[in-house]
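The structure under discussion appears below in the form of structure tokens.
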Amino acid sequence: MKYTIRPIQQGDEVGINRLRRMPGVFENILGIPSERLERNREGIENLGVNDHRFVAVSEDGEIIGDIGLSVEGSPRRRHCGTIGIMVDHRYQNQHIGSSLMEAALDIADNWLMLVRVELNVFVDNEKAINLYKKYGFEIEGTQRKASIRNGAYVDEYMMGRIKKS
């Protein structure tokens, strides 16, 4: 499958909203089926200088993945960033998550000089955990009953990646 990775832009909110409400995706990203398009539009419009987002776009222009890297605003945590990622369930296990992760980590490592990148992931999301481990993330702890999914409280792993010098 051919796709491109590019920075997010205005107009992408429709594709982002579709992904965030998609069964097979929203359960693992803290999305909800009633998420409104306006929320996604505002999210793109309100990106600041410490927010870096990329989308994966198929040949026919459909957004099939998204990753965001946010640099911490506190001067004492300026060396840290947080990642959130999602890939259309129909295109998972086709290197799209890896391409998105590589784009975000390139910015983190080579342009922002971040030392630490962190994320949270549901403990049963094995595909995502394997992707993160592939890029050097390690499980640092478990947050018990951290989120709600399908009417139950679920645990999340806190994962972090320290850039090797």
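Naming works like this for the structure tokens: A, B, ... for the chains as they're shown, residue 1 at the start of each chain, ligands 1 onward in shown order.
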
Self-check item: All helix (DSSP H, G or I) positions in chain A, as a PyMOL selection string
Solution: chain A and resi 13-21+26-28+37-45+75-77+89-91+96-111+126-134

With 8 Å as the cut-off and only C-alpha atoms counted, what is the closest atom pair between each nearby residue of segment 42-93 of chain A and segment 118-139 of chain A? Distances in Å to one decimal, ordered by chain and number, as JSON lines.
```
{"residue": "A:Cys80", "atom": "CA", "partner": "A:Glu118", "partner_atom": "CA", "distance": 7.6}
{"residue": "A:Gly81", "atom": "CA", "partner": "A:Glu118", "partner_atom": "CA", "distance": 6.3}
{"residue": "A:Thr82", "atom": "CA", "partner": "A:Glu118", "partner_atom": "CA", "distance": 4.9}
{"residue": "A:Ile83", "atom": "CA", "partner": "A:Leu119", "partner_atom": "CA", "distance": 5.4}
{"residue": "A:Gly84", "atom": "CA", "partner": "A:Leu119", "partner_atom": "CA", "distance": 6.8}
```

Print the selection's residues with C-alpha atoms to a file, as a short mmCIF file (atom, residue, chain, number, x, y, z; two decimals), in the first residue's frame.
```cif
data_model
loop_
_atom_site.label_atom_id
_atom_site.label_comp_id
_atom_site.auth_asym_id
_atom_site.auth_seq_id
_atom_site.Cartn_x
_atom_site.Cartn_y
_atom_site.Cartn_z
CA CYS A 80 10.28 15.49 27.66
CA GLY A 81 7.58 14.85 25.11
CA THR A 82 4.37 12.85 25.03
CA ILE A 83 3.13 10.79 22.07
CA GLY A 84 -0.35 9.76 21.00
#
```

Which neighbours of Ile63 of chain A fall inside 8 Å, counting only C-alpha atoms, when residues of the same chain fewer than 4 positions from it are skipped, and could you give them as a short mmCIF file (atom, residue, chain, number, x, y, z; two decimals) with C-alpha atoms, in the first residue's frame?
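Here's the written file around_7.cif:
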```
data_model
loop_
_atom_site.label_atom_id
_atom_site.label_comp_id
_atom_site.auth_asym_id
_atom_site.auth_seq_id
_atom_site.Cartn_x
_atom_site.Cartn_y
_atom_site.Cartn_z
CA ASP A 12 -7.84 17.13 8.13
CA GLY A 15 -10.43 12.31 8.57
CA ILE A 16 -9.24 12.65 12.16
CA LEU A 19 -10.52 7.72 12.84
CA VAL A 55 -0.88 12.16 9.40
CA ALA A 56 -0.59 9.15 7.13
CA VAL A 57 -2.55 9.74 3.93
CA SER A 58 -3.47 7.00 1.44
#
```

Practice problem: Rank A:Met22, A:Ile8, A:Leu30, A:Ile64 by their smallest atom-to-atom distance to Gly43 of chain A, using only C-alpha atoms, and report the top residue only. | Solution: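 Distance minimum relative to Gly43 of chain A lands on A:Ile8.
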
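Omitting Glu59 of chain A and its sequence neighbours fewer than 4 positions away, and counting only C-alpha atoms, the residues within 9 Å are Met1, Lys2, Tyr3 and Thr4 of chain A.
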
Can I get the selection written as an mmCIF file, in the first residue's frame, with N, CA, C and O atoms?
```cif
data_model
loop_
_atom_site.group_PDB
_atom_site.id
_atom_site.type_symbol
_atom_site.label_atom_id
_atom_site.label_comp_id
_atom_site.auth_asym_id
_atom_site.auth_seq_id
_atom_site.Cartn_x
_atom_site.Cartn_y
_atom_site.Cartn_z
ATOM 1 N N MET A 1 0.836 -1.180 0.000
ATOM 2 C CA MET A 1 0.000 0.000 0.000
ATOM 3 C C MET A 1 0.880 1.241 0.000
ATOM 4 O O MET A 1 1.844 1.327 0.766
ATOM 5 N N LYS A 2 0.521 2.211 -0.809
ATOM 6 C CA LYS A 2 1.259 3.464 -0.871
ATOM 7 C C LYS A 2 0.541 4.511 -0.029
ATOM 8 O O LYS A 2 -0.686 4.627 -0.082
ATOM 9 N N TYR A 3 1.333 5.262 0.724
ATOM 10 C CA TYR A 3 0.808 6.346 1.545
ATOM 11 C C TYR A 3 1.933 7.340 1.773
ATOM 12 O O TYR A 3 3.108 7.035 1.540
ATOM 13 N N THR A 4 1.569 8.525 2.207
ATOM 14 C CA THR A 4 2.563 9.537 2.547
ATOM 15 C C THR A 4 2.353 9.972 3.991
ATOM 16 O O THR A 4 1.237 9.908 4.514
#
```

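Atom CA of Arg18 of chain A to atom CA of Asn46 of chain A spans 19.4 Å [interatomic distance, one decimal].
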
Quiz item: Expressed in Å to a single decimal, how great is the separation between atom CA of Asp109 of chain A and atom CA of Arg6 of chain A?
Solution: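 We find that atom CA of Asp109 of chain A and atom CA of Arg6 of chain A lie 17.8 Å from each other.
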
Quiz item: Can you list, as a ChimeraX atom specification, every residue of segment 11-142 of chain A that DSSP puts in strand (DSSP E or B)?
Solution: /A:51-58,63-71,80-87,116-122,138-142

Output for the residues just chosen: C-alpha atoms as an mmCIF file, in the first residue's frame:
```
data_model
loop_
_atom_site.group_PDB
_atom_site.id
_atom_site.type_symbol
_atom_site.label_atom_id
_atom_site.label_comp_id
_atom_site.auth_asym_id
_atom_site.auth_seq_id
_atom_site.Cartn_x
_atom_site.Cartn_y
_atom_site.Cartn_z
ATOM 1 C CA ASP A 51 2.777 20.451 19.303
ATOM 2 C CA HIS A 52 3.922 18.387 16.324
ATOM 3 C CA ARG A 53 1.420 16.228 14.424
ATOM 4 C CA PHE A 54 1.722 14.073 11.365
ATOM 5 C CA VAL A 55 -0.877 12.156 9.395
ATOM 6 C CA ALA A 56 -0.590 9.145 7.129
ATOM 7 C CA VAL A 57 -2.549 9.736 3.928
ATOM 8 C CA SER A 58 -3.467 7.004 1.440
ATOM 9 C CA ILE A 63 -6.300 9.894 6.457
ATOM 10 C CA ILE A 64 -5.348 6.457 7.737
ATOM 11 C CA GLY A 65 -3.156 7.377 10.699
ATOM 12 C CA ASP A 66 -2.197 10.196 13.029
ATOM 13 C CA ILE A 67 0.558 10.845 15.550
ATOM 14 C CA GLY A 68 1.082 13.749 17.871
ATOM 15 C CA LEU A 69 4.169 14.714 19.829
ATOM 16 C CA SER A 70 3.718 17.377 22.491
ATOM 17 C CA VAL A 71 6.711 18.907 24.217
ATOM 18 C CA CYS A 80 10.275 15.491 27.663
ATOM 19 C CA GLY A 81 7.579 14.854 25.114
ATOM 20 C CA THR A 82 4.368 12.846 25.027
ATOM 21 C CA ILE A 83 3.134 10.793 22.075
ATOM 22 C CA GLY A 84 -0.355 9.759 21.002
ATOM 23 C CA ILE A 85 -0.906 7.634 17.896
ATOM 24 C CA MET A 86 -3.752 5.952 16.038
ATOM 25 C CA VAL A 87 -3.988 3.917 12.838
ATOM 26 C CA ARG A 116 12.587 11.468 27.160
ATOM 27 C CA VAL A 117 9.445 10.553 25.223
ATOM 28 C CA GLU A 118 6.539 8.958 27.057
ATOM 29 C CA LEU A 119 3.088 7.551 26.396
ATOM 30 C CA ASN A 120 0.284 5.523 27.936
ATOM 31 C CA VAL A 121 -1.208 2.361 26.445
ATOM 32 C CA PHE A 122 -3.854 -0.117 27.563
ATOM 33 C CA GLU A 138 9.958 0.396 28.080
ATOM 34 C CA ILE A 139 7.130 -0.280 30.501
ATOM 35 C CA GLU A 140 7.785 1.879 33.543
ATOM 36 C CA GLY A 141 4.651 1.223 35.547
ATOM 37 C CA THR A 142 0.968 0.371 35.587
#
```

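Distance-wise, atom CA of Gly151 of chain A and atom CA of Phe26 of chain A end up 13.9 Å apart.
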
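The shortest atom-to-atom distance to Arg149 of chain A, with only C-alpha atoms taken into account, belongs to A:Pro33 out of A:Pro33, A:Pro75, A:Gly48, A:Gly97.
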